[in-house]
$ cat my_file-v2.cif   # mmCIF, C-alpha atoms and all ligand atoms
data_upload
#
loop_
_atom_site.label_atom_id
_atom_site.label_comp_id
_atom_site.auth_asym_id
_atom_site.auth_seq_id
_atom_site.Cartn_x
_atom_site.Cartn_y
_atom_site.Cartn_z
CA MET A 226 -23.37 14.40 10.83
CA ASN A 227 -20.06 14.86 9.10
CA VAL A 228 -17.20 16.67 10.81
CA GLN A 229 -15.51 19.26 8.64
CA VAL A 230 -11.75 19.09 8.30
CA PRO A 231 -10.16 22.55 8.70
CA PRO A 232 -8.16 23.94 5.76
CA LEU A 233 -4.73 22.39 5.36
CA ASP A 234 -1.74 24.02 6.96
CA ARG A 235 0.26 25.98 4.36
CA THR A 236 3.29 23.66 4.38
CA VAL A 237 1.08 20.59 3.97
CA ALA A 238 -0.96 22.18 1.20
CA ASP A 239 2.20 23.26 -0.65
CA ARG A 240 3.67 19.79 -0.40
CA LEU A 241 0.51 18.14 -1.76
CA ALA A 242 0.35 20.69 -4.57
CA ARG A 243 3.92 19.80 -5.56
CA LEU A 244 3.11 16.11 -5.33
CA LYS A 245 0.25 16.53 -7.79
CA GLN A 246 2.60 18.18 -10.27
CA ARG A 247 4.52 14.93 -10.53
CA THR A 248 3.87 12.37 -13.24
CA PRO A 249 0.72 10.33 -12.63
CA VAL A 250 1.80 6.74 -12.07
CA LEU A 251 -1.67 5.24 -11.81
CA LYS A 252 -4.80 6.50 -13.47
CA VAL A 253 -8.03 4.60 -12.84
CA THR A 254 -10.96 5.85 -14.89
CA ASP A 255 -14.59 4.83 -14.44
CA LEU A 256 -13.58 1.37 -13.33
CA VAL A 257 -16.49 -1.04 -12.99
CA LYS A 258 -16.01 -4.55 -11.64
CA THR A 259 -18.76 -7.11 -11.40
CA VAL A 260 -18.83 -10.60 -9.92
CA PRO A 261 -21.15 -13.46 -10.83
CA THR A 262 -24.15 -14.14 -8.59
CA PRO A 263 -25.31 -17.68 -7.75
CA GLU A 264 -28.46 -16.98 -9.83
CA GLY A 265 -26.34 -16.54 -12.93
CA GLY A 266 -26.46 -12.75 -12.98
CA GLU A 267 -23.85 -10.28 -11.96
CA ARG A 268 -23.36 -7.91 -9.06
CA VAL A 269 -21.49 -4.61 -9.21
CA VAL A 270 -18.63 -4.66 -6.68
CA LEU A 271 -16.79 -1.54 -7.83
CA ASP A 272 -18.86 1.23 -9.34
CA ARG A 273 -17.13 3.81 -11.53
CA ILE A 274 -13.97 4.21 -9.49
CA ASN A 275 -11.74 7.15 -10.42
CA LEU A 276 -8.32 7.63 -8.90
CA THR A 277 -5.07 9.25 -9.97
CA THR A 278 -1.93 8.73 -7.93
CA TYR A 279 1.39 10.40 -8.48
CA ARG A 280 4.96 9.34 -8.47
CA ARG A 281 6.20 8.50 -4.97
CA GLU A 282 2.80 9.10 -3.45
CA PHE A 283 1.51 7.03 -0.56
CA VAL A 284 -2.24 6.40 -0.80
CA CYS A 285 -4.18 4.44 1.79
CA ILE A 286 -7.51 2.83 0.97
CA VAL A 287 -10.08 2.47 3.73
CA GLY A 288 -13.70 1.40 3.80
CA PRO A 289 -16.02 -1.10 5.43
CA SER A 290 -15.52 -4.81 4.98
CA GLY A 291 -16.77 -5.98 1.60
CA CYS A 292 -16.58 -2.54 -0.07
CA GLY A 293 -14.13 -3.87 -2.65
CA LYS A 294 -10.71 -2.74 -1.40
CA SER A 295 -9.03 -6.06 -2.18
CA THR A 296 -10.89 -6.34 -5.46
CA LEU A 297 -9.63 -2.89 -6.47
CA ALA A 298 -6.05 -3.83 -5.60
CA ARG A 299 -6.31 -7.15 -7.43
CA THR A 300 -7.80 -5.48 -10.49
CA ILE A 301 -5.01 -2.88 -10.55
CA ALA A 302 -2.54 -5.76 -10.15
CA GLY A 303 -4.08 -7.37 -13.23
CA LEU A 304 -5.22 -10.43 -11.30
CA GLU A 305 -8.89 -9.65 -11.99
CA LYS A 306 -10.57 -8.32 -15.10
CA ALA A 307 -12.64 -5.16 -15.00
CA LYS A 308 -16.04 -5.04 -16.68
CA SER A 309 -15.41 -1.56 -18.02
CA GLY A 310 -13.24 1.44 -17.47
CA GLN A 311 -9.52 1.81 -17.74
CA ILE A 312 -6.41 1.40 -15.63
CA LEU A 313 -3.24 3.09 -16.83
CA VAL A 314 0.13 2.53 -15.21
CA ALA A 315 2.68 5.08 -16.40
CA GLY A 316 0.33 5.72 -19.32
CA GLU A 317 0.07 2.06 -20.38
CA PRO A 318 -3.21 0.14 -20.10
CA VAL A 319 -3.17 -2.75 -17.64
CA SER A 320 -4.07 -6.03 -19.29
CA GLY A 321 -2.70 -8.48 -16.74
CA PRO A 322 0.01 -8.89 -14.11
CA ALA A 323 3.36 -7.29 -14.93
CA PRO A 324 6.53 -6.37 -13.03
CA ASP A 325 5.50 -2.71 -12.85
CA ARG A 326 3.09 -3.72 -10.06
CA ALA A 327 3.88 -5.86 -7.03
CA MET A 328 1.64 -7.03 -4.22
CA VAL A 329 2.11 -7.76 -0.54
CA PHE A 330 -0.78 -9.57 1.16
CA GLN A 331 -1.95 -9.95 4.73
CA ALA A 332 -1.27 -13.67 4.70
CA TYR A 333 2.36 -14.69 4.73
CA THR A 334 3.17 -15.72 1.20
CA LEU A 335 6.83 -16.69 1.36
CA PHE A 336 7.94 -19.98 -0.14
CA PRO A 337 8.61 -22.13 2.94
CA TRP A 338 11.18 -24.29 1.16
CA LEU A 339 13.34 -21.32 0.20
CA SER A 340 15.62 -19.37 2.51
CA VAL A 341 15.01 -15.68 3.13
CA LEU A 342 17.62 -14.85 0.51
CA GLY A 343 16.17 -17.51 -1.79
CA ASN A 344 12.74 -15.91 -1.56
CA VAL A 345 14.07 -12.52 -2.64
CA LYS A 346 16.24 -14.07 -5.36
CA PHE A 347 13.19 -15.88 -6.73
CA GLY A 348 11.49 -12.58 -7.59
CA LEU A 349 14.62 -11.30 -9.28
CA ARG A 350 14.98 -14.46 -11.35
CA MET A 351 11.33 -14.23 -12.36
CA ALA A 352 11.98 -10.69 -13.50
CA GLY A 353 14.64 -12.08 -15.82
CA LYS A 354 17.68 -10.65 -14.05
CA GLU A 355 21.06 -12.12 -14.89
CA ALA A 356 22.34 -14.68 -12.41
CA SER A 357 25.40 -12.57 -11.68
CA VAL A 358 23.35 -9.69 -10.32
CA VAL A 359 20.62 -11.70 -8.61
CA GLU A 360 22.66 -12.57 -5.53
CA SER A 361 24.08 -9.13 -4.87
CA GLU A 362 20.83 -7.30 -5.55
CA ALA A 363 18.90 -9.69 -3.32
CA GLU A 364 21.36 -9.06 -0.49
CA GLN A 365 20.97 -5.32 -0.90
CA TRP A 366 17.18 -5.51 -0.82
CA LEU A 367 17.40 -7.62 2.31
CA GLY A 368 19.65 -4.93 3.74
CA LEU A 369 16.99 -2.34 2.98
CA VAL A 370 14.51 -4.20 5.17
CA GLY A 371 17.16 -4.89 7.81
CA LEU A 372 17.24 -8.65 7.39
CA GLU A 373 20.74 -9.36 6.11
CA PRO A 374 21.63 -11.40 9.21
CA PHE A 375 18.70 -13.71 8.45
CA ALA A 376 19.53 -14.34 4.80
CA GLN A 377 20.03 -18.07 5.37
CA SER A 378 17.06 -18.51 7.72
CA TYR A 379 13.84 -20.14 6.60
CA PRO A 380 10.39 -18.53 6.85
CA HIS A 381 9.28 -20.78 9.75
CA GLN A 382 12.18 -19.39 11.80
CA LEU A 383 10.97 -15.79 11.42
CA SER A 384 8.45 -13.68 13.33
CA GLY A 385 5.40 -12.33 11.51
CA GLY A 386 6.97 -8.90 11.15
CA MET A 387 10.15 -10.37 9.70
CA LYS A 388 8.16 -12.45 7.22
CA GLN A 389 6.40 -9.33 5.99
CA ARG A 390 9.74 -7.55 5.68
CA VAL A 391 10.94 -10.38 3.42
CA ALA A 392 7.71 -10.12 1.43
CA ILE A 393 8.33 -6.37 1.02
CA ALA A 394 11.93 -6.97 -0.06
CA ARG A 395 10.79 -9.59 -2.55
CA ALA A 396 8.15 -7.26 -3.96
CA LEU A 397 10.49 -4.28 -4.20
CA ALA A 398 13.32 -6.29 -5.73
CA ILE A 399 11.60 -6.37 -9.11
CA GLN A 400 11.52 -2.55 -8.95
CA PRO A 401 7.80 -2.07 -9.55
CA ARG A 402 6.34 1.39 -10.02
CA ILE A 403 3.43 0.55 -7.73
CA LEU A 404 3.48 -1.46 -4.54
CA LEU A 405 0.00 -2.74 -3.68
CA MET A 406 -0.30 -3.71 -0.02
CA ASP A 407 -3.48 -5.43 1.17
CA GLU A 408 -3.65 -5.14 4.96
CA PRO A 409 -0.03 -6.23 5.23
CA PHE A 410 0.33 -5.55 8.95
CA SER A 411 -3.07 -6.55 10.28
CA ALA A 412 -1.90 -9.95 11.53
CA LEU A 413 0.87 -8.35 13.60
CA ASP A 414 0.74 -7.34 17.26
CA GLU A 415 0.48 -3.63 17.98
CA ARG A 416 4.14 -3.00 18.77
CA THR A 417 5.39 -4.87 15.74
CA ARG A 418 2.84 -3.12 13.62
CA ALA A 419 4.03 0.31 14.80
CA ARG A 420 7.62 -0.68 14.02
CA MET A 421 6.62 -1.92 10.59
CA GLN A 422 4.79 1.32 9.83
CA ALA A 423 7.89 3.37 10.68
CA HIS A 424 9.97 0.95 8.70
CA LEU A 425 7.76 1.17 5.62
CA ILE A 426 7.84 4.98 5.67
CA ASP A 427 11.61 4.80 5.91
CA ILE A 428 11.78 2.50 2.88
CA TRP A 429 9.26 4.57 0.91
CA ARG A 430 11.35 7.70 1.40
CA LYS A 431 14.42 6.00 0.00
CA ILE A 432 13.03 4.57 -3.19
CA ASP A 433 10.98 5.53 -6.18
CA ILE A 434 7.75 3.77 -5.39
CA THR A 435 4.08 4.68 -5.31
CA VAL A 436 2.28 2.81 -2.56
CA LEU A 437 -1.37 1.79 -2.41
CA PHE A 438 -1.95 0.49 1.08
CA ILE A 439 -5.24 -1.05 2.22
CA THR A 440 -6.07 -0.94 5.89
CA HIS A 441 -8.97 -1.10 8.31
CA ASP A 442 -7.04 0.96 10.80
CA LEU A 443 -7.67 4.70 10.50
CA SER A 444 -4.66 5.52 12.69
CA GLU A 445 -2.48 3.51 10.36
CA ALA A 446 -3.90 5.32 7.32
CA LEU A 447 -3.40 8.73 8.95
CA LEU A 448 0.18 7.89 9.93
CA LEU A 449 1.20 6.58 6.53
CA ALA A 450 -0.71 8.27 3.75
CA ASP A 451 -0.42 11.43 1.72
CA ARG A 452 -4.04 10.92 0.75
CA ILE A 453 -6.69 8.46 1.92
CA LEU A 454 -9.20 7.00 -0.51
CA VAL A 455 -12.46 6.29 1.30
CA LEU A 456 -14.77 3.70 -0.24
CA ARG A 457 -18.31 2.81 0.70
CA ALA A 458 -19.95 -0.55 0.16
CA ASN A 459 -22.75 -2.01 -1.96
CA PRO A 460 -21.61 -1.13 -4.49
CA GLY A 461 -18.04 0.00 -3.79
CA ARG A 462 -17.83 3.69 -4.58
CA VAL A 463 -15.38 6.46 -3.86
CA VAL A 464 -16.71 8.66 -1.10
CA GLU A 465 -13.72 10.94 -0.76
CA LEU A 466 -10.00 11.28 -1.33
CA LEU A 467 -8.89 12.90 1.91
CA GLU A 468 -5.65 14.86 2.07
CA VAL A 469 -3.88 14.04 5.30
CA PRO A 470 -3.35 17.31 7.19
CA ALA A 471 0.26 16.70 8.31
CA LEU A 472 3.68 16.20 6.80
CA PRO A 473 5.02 12.64 6.60
CA GLY A 474 7.31 11.46 9.35
CA ASN A 475 6.55 12.04 12.99
CA ARG A 476 2.85 12.63 12.76
CA ASP A 477 0.91 13.45 15.88
CA LEU A 478 -2.48 11.77 15.79
CA GLY A 479 -3.50 13.97 18.72
CA SER A 480 -2.96 17.28 16.92
CA PRO A 481 -6.18 19.24 16.28
CA ALA A 482 -5.95 18.80 12.49
CA MET A 483 -5.28 15.06 12.67
CA HIS A 484 -7.96 14.61 15.29
CA ALA A 485 -10.46 16.37 13.03
CA ALA A 486 -9.39 14.22 10.08
CA ARG A 487 -9.85 11.11 12.14
CA THR A 488 -13.30 12.12 13.36
CA HIS A 489 -14.19 12.96 9.77
CA LEU A 490 -13.10 9.49 8.60
CA GLU A 491 -14.89 7.82 11.49
CA SER A 492 -18.12 9.36 10.33
CA TYR A 493 -17.77 7.18 7.23
CA ILE A 494 -16.32 4.10 8.80
CA HIS A 495 -16.92 2.55 12.15
CA ALA A 496 -13.49 1.23 12.91
CA ASP A 497 -13.65 -0.85 16.08
CA GLU A 498 -10.04 -0.26 16.94
CA SER A 499 -9.07 1.05 20.33
CA ASN A 500 -7.48 4.47 20.45
CA GLY A 501 -3.96 3.07 20.11
CA GLU A 502 -1.24 5.59 20.87
CA ASP A 503 1.21 3.78 18.66
CA THR A 504 3.21 6.72 17.37
CA ALA A 505 6.28 5.83 19.40
CA ALA A 506 7.65 3.68 16.61
CA GLU A 507 11.37 3.16 16.66
CA GLU A 508 13.30 5.17 14.16
CA ARG A 509 15.37 2.84 12.07
CA ASN A 510 18.43 3.70 10.16
CA ILE A 511 18.89 1.38 7.24
CA PRO A 512 22.23 1.43 5.44
CA LEU A 513 21.72 1.45 1.72
CA THR A 514 24.15 1.02 -1.11
CA VAL A 515 22.19 -0.35 -4.06
CA ARG A 516 21.10 2.20 -6.63
CA LEU A 517 17.37 2.11 -6.12
CA ALA A 518 15.93 4.98 -8.04
CA ASP A 519 16.19 8.64 -8.79
CA VAL A 520 14.72 10.23 -5.72
CA THR A 521 16.22 13.63 -6.27
CA ASP A 522 12.81 15.25 -6.55
CA THR A 523 12.26 14.87 -2.85
CA ILE A 524 9.43 17.03 -1.62
CA ASP A 525 9.62 16.17 2.05
N1 LIG B 601 -14.50 -13.81 -7.21
C1 LIG B 601 -15.56 -13.35 -6.56
N2 LIG B 601 -16.76 -13.95 -6.67
C2 LIG B 601 -17.83 -13.48 -6.02
N3 LIG B 601 -17.82 -12.42 -5.20
C3 LIG B 601 -16.66 -11.79 -5.03
C4 LIG B 601 -15.46 -12.20 -5.69
N4 LIG B 601 -14.46 -11.38 -5.33
C5 LIG B 601 -15.00 -10.48 -4.50
N5 LIG B 601 -16.32 -10.72 -4.32
C6 LIG B 601 -17.24 -9.92 -3.52
O1 LIG B 601 -16.92 -8.56 -3.74
C7 LIG B 601 -17.13 -7.79 -2.59
C8 LIG B 601 -15.85 -7.04 -2.25
O2 LIG B 601 -14.90 -7.95 -1.74
P1 LIG B 601 -13.45 -7.50 -1.29
O3 LIG B 601 -12.77 -8.71 -0.78
O4 LIG B 601 -12.81 -6.76 -2.38
O5 LIG B 601 -13.79 -6.49 -0.11
P2 LIG B 601 -12.81 -5.81 0.94
O6 LIG B 601 -13.19 -4.36 0.98
O7 LIG B 601 -11.41 -6.14 0.63
O8 LIG B 601 -13.26 -6.48 2.29
P3 LIG B 601 -12.39 -6.81 3.63
O9 LIG B 601 -12.24 -5.47 4.31
O10 LIG B 601 -13.26 -7.73 4.40
O11 LIG B 601 -11.10 -7.41 3.21
C9 LIG B 601 -17.57 -8.75 -1.51
O12 LIG B 601 -18.95 -8.69 -1.40
C10 LIG B 601 -17.12 -10.10 -2.02
O13 LIG B 601 -17.95 -11.11 -1.57
MG MG B 602 -9.93 -7.19 1.62
#
$ encode --input "my_file-v2.cif" --output "structure tokens" --more "lines below"
Ligand SMILES: Nc1ncnc2c1ncn2[C@@H]1O[C@H](COP(=O)(O)OP(=O)(O)OP(=O)(O)O)[C@@H](O)[C@H]1O
Ligand SMILES: [Mg+2]
Amino acid sequence: MNVQVPPLDRTVADRLARLKQRTPVLKVTDLVKTVPTPEGGERVVLDRINLTTYRREFVCIVGPSGCGKSTLARTIAGLEKAKSGQILVAGEPVSGPAPDRAMVFQAYTLFPWLSVLGNVKFGLRMAGKEASVVESEAEQWLGLVGLEPFAQSYPHQLSGGMKQRVAIARALAIQPRILLMDEPFSALDERTRARMQAHLIDIWRKIDITVLFITHDLSEALLLADRILVLRANPGRVVELLEVPALPGNRDLGSPAMHAARTHLESYIHADESNGEDTAAEERNIPLTVRLADVTDTID
């Protein structure tokens, strides 16, 4: 039995309506992805996925294991080929990886032989930035994630949360339009994870980025997202695109609307997480000087 979510509060509904008036950044149309079977056939993993996300929107993707969340992210990133359908980023068809999309994975993916600063500079060099700006921009992106003091450290000297902050800085440094995050915090302990969630929201509010964030954790999705894309498995299909019934920022998972949303999501997905009251994330104040993007259309 599905639990109905009550109508959105006026302020939340107005905000989402304004968000949908923004330029679509990502438009996925009837996307079908198949994988080969051992018998030489093919199996549908993603079945006619449709999704439009808007500039500076934060979308979480949830669904049972194997429903194709990572495959969807990798296909949008251009790392996998679709069988049919279309993916447009800022109106341009995706035909492979490009700097308008960056990915952060669950596994730590820093280059161990490069310093923290070196890791961020690497992305900037790959994006073809001039040597003269690489150093200063890399330092500013490290500042955004609060890791300037660790610029000369090496990945093995960092905690898991710090490694993911470097990975985020490295991804953002190339100034993508879309940041694809595949369970980026799921290897972190609960406290660190809560801090990272607050930190990511803080970063997202400061820059012009559309985030697609995959998670198994419904609390995490409800704390972070404007909208939550729910997939079901075998084959992966969109069940719903849920509008989160609260404004971004200090969301109260215990409020009646959020509780209803959570119960509604749980009816689709059996998340075996404990009822973590992890909303007490530290507020962080990150000094920022680099020109990141035009964020004058703030709707918060
Ligand atoms: N290259 C591939 N070859 C064969 N099967 C694949 C390939 N890539 C993905 N699959 C299959 O596609 C399905 C979706 O996998 P995917 O990793 O996208 O799921 P997921 O939703 O991210 O799961 P999880 O929550 O466990 O990370 C799975 O059944 C997986 O085995
Ligand atoms: Mg996955």
$ residues_around --input "my_file-v2.cif" --residues "A:Thr236" --least-positions-apart "4" --cutoff "10 Å" --atoms "only C-alpha atoms" --output "count of residues only"
6
$ residues_around --input "my_file-v2.cif" --residues "stretch 310-315 of chain A" --least-positions-apart "3" --cutoff "12 Å" --atoms "all atoms listed in the file" --output "ChimeraX atom specification"
/A:247-259,271-280,297-303,305-307,318-326,401-404,435
$ closest_residue --input "my_file-v2.cif" --among "A:Glu355, A:Glu264, A:Asp414, A:Asp407" --to "A:Val436" --atoms "all atoms listed in the file"
A:Asp407
$ atom_distance --input "my_file-v2.cif" --atom1 "atom CA of A:Asp433" --atom2 "atom CA of A:Gln400"
8.6 Å
$ residues_near_ligand --input "my_file-v2.cif" --ligand "ligand MG 602 (chain B)" --cutoff "8 Å" --atoms "all atoms listed in the file" --output "ChimeraX atom specification"
/A:290-291,293-296,407-408,439
$ closest_residue --input "my_file-v2.cif" --among "A:Gly474, A:Arg430, A:Arg350, A:Val341" --to "A:Arg390" --atoms "only C-alpha atoms"
A:Val341
$ atom_distance --input "my_file-v2.cif" --atom1 "atom CA of A:Phe336" --atom2 "atom CA of A:Val391"
10.7 Å
$ closest_residue --input "my_file-v2.cif" --among "A:Leu456, A:Val345, A:Ala446, A:Ala396" --to "ligand LIG 601 (chain B)" --atoms "only C-alpha atoms and all ligand atoms"
A:Leu456
$ closest_residue --input "my_file-v2.cif" --among "A:Val237, A:Met351, A:Ala398, A:Leu342" --to "A:Pro473" --atoms "all atoms listed in the file"
A:Val237
$ closest_residue --input "my_file-v2.cif" --among "A:Asp427, A:Asp239, A:Glu415, A:Asp442" --to "ligand LIG 601 (chain B)" --atoms "only C-alpha atoms and all ligand atoms"
A:Asp442
$ closest_residue --input "my_file-v2.cif" --among "A:Leu335, A:Val270, A:Ile393, A:Val230" --to "ligand LIG 601 (chain B)" --atoms "all atoms listed in the file"
A:Val270
$ atom_distance --input "my_file-v2.cif" --atom1 "atom CA of A:His484" --atom2 "atom O9 of ligand LIG 601 (chain B)"
23.3 Å
$ residues_around --input "my_file-v2.cif" --residues "A:Ala376" --least-positions-apart "6" --cutoff "12 Å" --atoms "only C-alpha atoms" --output "list in words"
Leu339, Ser340, Val341, Leu342, Gly343, Asn344, Val345, Lys346, Glu360, Ser361, Ala363, Glu364, Gln365, Trp366, Leu367, Gly368, Val370, Gln382, Leu383, Met387, Lys388, Arg390, Val391 and Ala394 of chain A
$ write_last_selection --input "my_file-v2.cif" --atoms "C-alpha atoms" --output "PDB file, in the frame of the given file"
ATOM      1  CA  LEU A 339      13.340 -21.320   0.200  1.00  0.00           C
ATOM      2  CA  SER A 340      15.620 -19.370   2.510  1.00  0.00           C
ATOM      3  CA  VAL A 341      15.010 -15.680   3.130  1.00  0.00           C
ATOM      4  CA  LEU A 342      17.620 -14.850   0.510  1.00  0.00           C
ATOM      5  CA  GLY A 343      16.170 -17.510  -1.790  1.00  0.00           C
ATOM      6  CA  ASN A 344      12.740 -15.910  -1.560  1.00  0.00           C
ATOM      7  CA  VAL A 345      14.070 -12.520  -2.640  1.00  0.00           C
ATOM      8  CA  LYS A 346      16.240 -14.070  -5.360  1.00  0.00           C
ATOM      9  CA  GLU A 360      22.660 -12.570  -5.530  1.00  0.00           C
ATOM     10  CA  SER A 361      24.080  -9.130  -4.870  1.00  0.00           C
ATOM     11  CA  ALA A 363      18.900  -9.690  -3.320  1.00  0.00           C
ATOM     12  CA  GLU A 364      21.360  -9.060  -0.490  1.00  0.00           C
ATOM     13  CA  GLN A 365      20.970  -5.320  -0.900  1.00  0.00           C
ATOM     14  CA  TRP A 366      17.180  -5.510  -0.820  1.00  0.00           C
ATOM     15  CA  LEU A 367      17.400  -7.620   2.310  1.00  0.00           C
ATOM     16  CA  GLY A 368      19.650  -4.930   3.740  1.00  0.00           C
ATOM     17  CA  VAL A 370      14.510  -4.200   5.170  1.00  0.00           C
ATOM     18  CA  GLN A 382      12.180 -19.390  11.800  1.00  0.00           C
ATOM     19  CA  LEU A 383      10.970 -15.790  11.420  1.00  0.00           C
ATOM     20  CA  MET A 387      10.150 -10.370   9.700  1.00  0.00           C
ATOM     21  CA  LYS A 388       8.160 -12.450   7.220  1.00  0.00           C
ATOM     22  CA  ARG A 390       9.740  -7.550   5.680  1.00  0.00           C
ATOM     23  CA  VAL A 391      10.940 -10.380   3.420  1.00  0.00           C
ATOM     24  CA  ALA A 394      11.930  -6.970  -0.060  1.00  0.00           C
TER      25      ALA A 394
END
$ residues_around --input "my_file-v2.cif" --residues "A:Leu443" --least-positions-apart "3" --cutoff "8 Å" --atoms "all atoms listed in the file" --output "list in words"
Val287, Thr440, Ala446, Leu447, Arg487, Leu490, Glu491 and Ala496 of chain A
$ build_atoms --input "my_file-v2.cif" --residues "stretch 455-479 of chain A" --atoms "N, CA and C atoms" --output "PDB file, in the frame of the given file"
ATOM      1  N   VAL A 455     -11.401   6.891   0.485  1.00  0.00           N
ATOM      2  CA  VAL A 455     -12.460   6.290   1.300  1.00  0.00           C
ATOM      3  C   VAL A 455     -13.490   5.682   0.366  1.00  0.00           C
ATOM      4  N   LEU A 456     -13.757   4.393   0.561  1.00  0.00           N
ATOM      5  CA  LEU A 456     -14.770   3.700  -0.240  1.00  0.00           C
ATOM      6  C   LEU A 456     -15.983   3.399   0.633  1.00  0.00           C
ATOM      7  N   ARG A 457     -17.123   3.305   0.008  1.00  0.00           N
ATOM      8  CA  ARG A 457     -18.310   2.810   0.700  1.00  0.00           C
ATOM      9  C   ARG A 457     -18.796   1.564  -0.029  1.00  0.00           C
ATOM     10  N   ALA A 458     -19.607   0.785   0.671  1.00  0.00           N
ATOM     11  CA  ALA A 458     -19.950  -0.550   0.160  1.00  0.00           C
ATOM     12  C   ALA A 458     -21.290  -0.572  -0.562  1.00  0.00           C
ATOM     13  N   ASN A 459     -21.470  -1.637  -1.324  1.00  0.00           N
ATOM     14  CA  ASN A 459     -22.750  -2.010  -1.960  1.00  0.00           C
ATOM     15  C   ASN A 459     -23.391  -0.931  -2.817  1.00  0.00           C
ATOM     16  N   PRO A 460     -22.871  -0.655  -3.962  1.00  0.00           N
ATOM     17  CA  PRO A 460     -21.610  -1.130  -4.490  1.00  0.00           C
ATOM     18  C   PRO A 460     -20.447  -0.250  -4.020  1.00  0.00           C
ATOM     19  N   GLY A 461     -19.222  -0.758  -4.194  1.00  0.00           N
ATOM     20  CA  GLY A 461     -18.040   0.000  -3.790  1.00  0.00           C
ATOM     21  C   GLY A 461     -17.906   1.272  -4.610  1.00  0.00           C
ATOM     22  N   ARG A 462     -17.940   2.386  -3.907  1.00  0.00           N
ATOM     23  CA  ARG A 462     -17.830   3.690  -4.580  1.00  0.00           C
ATOM     24  C   ARG A 462     -16.869   4.569  -3.821  1.00  0.00           C
ATOM     25  N   VAL A 463     -16.250   5.496  -4.531  1.00  0.00           N
ATOM     26  CA  VAL A 463     -15.380   6.460  -3.860  1.00  0.00           C
ATOM     27  C   VAL A 463     -16.253   7.497  -3.160  1.00  0.00           C
ATOM     28  N   VAL A 464     -16.008   7.651  -1.870  1.00  0.00           N
ATOM     29  CA  VAL A 464     -16.710   8.660  -1.100  1.00  0.00           C
ATOM     30  C   VAL A 464     -15.882   9.941  -1.091  1.00  0.00           C
ATOM     31  N   GLU A 465     -14.585   9.772  -0.918  1.00  0.00           N
ATOM     32  CA  GLU A 465     -13.720  10.940  -0.760  1.00  0.00           C
ATOM     33  C   GLU A 465     -12.274  10.517  -0.930  1.00  0.00           C
ATOM     34  N   LEU A 466     -11.453  11.468  -1.332  1.00  0.00           N
ATOM     35  CA  LEU A 466     -10.000  11.280  -1.330  1.00  0.00           C
ATOM     36  C   LEU A 466      -9.460  12.348  -0.386  1.00  0.00           C
ATOM     37  N   LEU A 467      -9.243  11.950   0.852  1.00  0.00           N
ATOM     38  CA  LEU A 467      -8.890  12.900   1.910  1.00  0.00           C
ATOM     39  C   LEU A 467      -7.400  13.199   1.908  1.00  0.00           C
ATOM     40  N   GLU A 468      -7.058  14.465   1.969  1.00  0.00           N
ATOM     41  CA  GLU A 468      -5.650  14.860   2.070  1.00  0.00           C
ATOM     42  C   GLU A 468      -5.271  14.888   3.541  1.00  0.00           C
ATOM     43  N   VAL A 469      -4.249  14.138   3.888  1.00  0.00           N
ATOM     44  CA  VAL A 469      -3.880  14.040   5.300  1.00  0.00           C
ATOM     45  C   VAL A 469      -3.233  15.357   5.742  1.00  0.00           C
ATOM     46  N   PRO A 470      -3.754  15.945   6.838  1.00  0.00           N
ATOM     47  CA  PRO A 470      -3.350  17.310   7.190  1.00  0.00           C
ATOM     48  C   PRO A 470      -2.060  17.385   8.009  1.00  0.00           C
ATOM     49  N   ALA A 471      -1.029  16.625   7.603  1.00  0.00           N
ATOM     50  CA  ALA A 471       0.260  16.700   8.310  1.00  0.00           C
ATOM     51  C   ALA A 471       1.343  16.221   7.359  1.00  0.00           C
ATOM     52  N   LEU A 472       2.561  16.649   7.615  1.00  0.00           N
ATOM     53  CA  LEU A 472       3.680  16.200   6.800  1.00  0.00           C
ATOM     54  C   LEU A 472       4.041  14.772   7.179  1.00  0.00           C
ATOM     55  N   PRO A 473       4.634  14.002   6.242  1.00  0.00           N
ATOM     56  CA  PRO A 473       5.020  12.640   6.600  1.00  0.00           C
ATOM     57  C   PRO A 473       6.115  12.648   7.665  1.00  0.00           C
ATOM     58  N   GLY A 474       6.281  11.526   8.301  1.00  0.00           N
ATOM     59  CA  GLY A 474       7.310  11.460   9.350  1.00  0.00           C
ATOM     60  C   GLY A 474       6.634  11.344  10.697  1.00  0.00           C
ATOM     61  N   ASN A 475       7.067  12.153  11.624  1.00  0.00           N
ATOM     62  CA  ASN A 475       6.550  12.040  12.990  1.00  0.00           C
ATOM     63  C   ASN A 475       5.197  12.724  13.122  1.00  0.00           C
ATOM     64  N   ARG A 476       4.177  12.031  12.705  1.00  0.00           N
ATOM     65  CA  ARG A 476       2.850  12.630  12.760  1.00  0.00           C
ATOM     66  C   ARG A 476       2.236  12.455  14.148  1.00  0.00           C
ATOM     67  N   ASP A 477       1.539  13.475  14.569  1.00  0.00           N
ATOM     68  CA  ASP A 477       0.910  13.450  15.880  1.00  0.00           C
ATOM     69  C   ASP A 477      -0.601  13.270  15.685  1.00  0.00           C
ATOM     70  N   LEU A 478      -1.049  12.050  15.994  1.00  0.00           N
ATOM     71  CA  LEU A 478      -2.480  11.770  15.790  1.00  0.00           C
ATOM     72  C   LEU A 478      -3.360  12.610  16.720  1.00  0.00           C
ATOM     73  N   GLY A 479      -2.726  13.179  17.760  1.00  0.00           N
ATOM     74  CA  GLY A 479      -3.500  13.970  18.720  1.00  0.00           C
ATOM     75  C   GLY A 479      -3.573  15.445  18.355  1.00  0.00           C
TER      76      GLY A 479
END
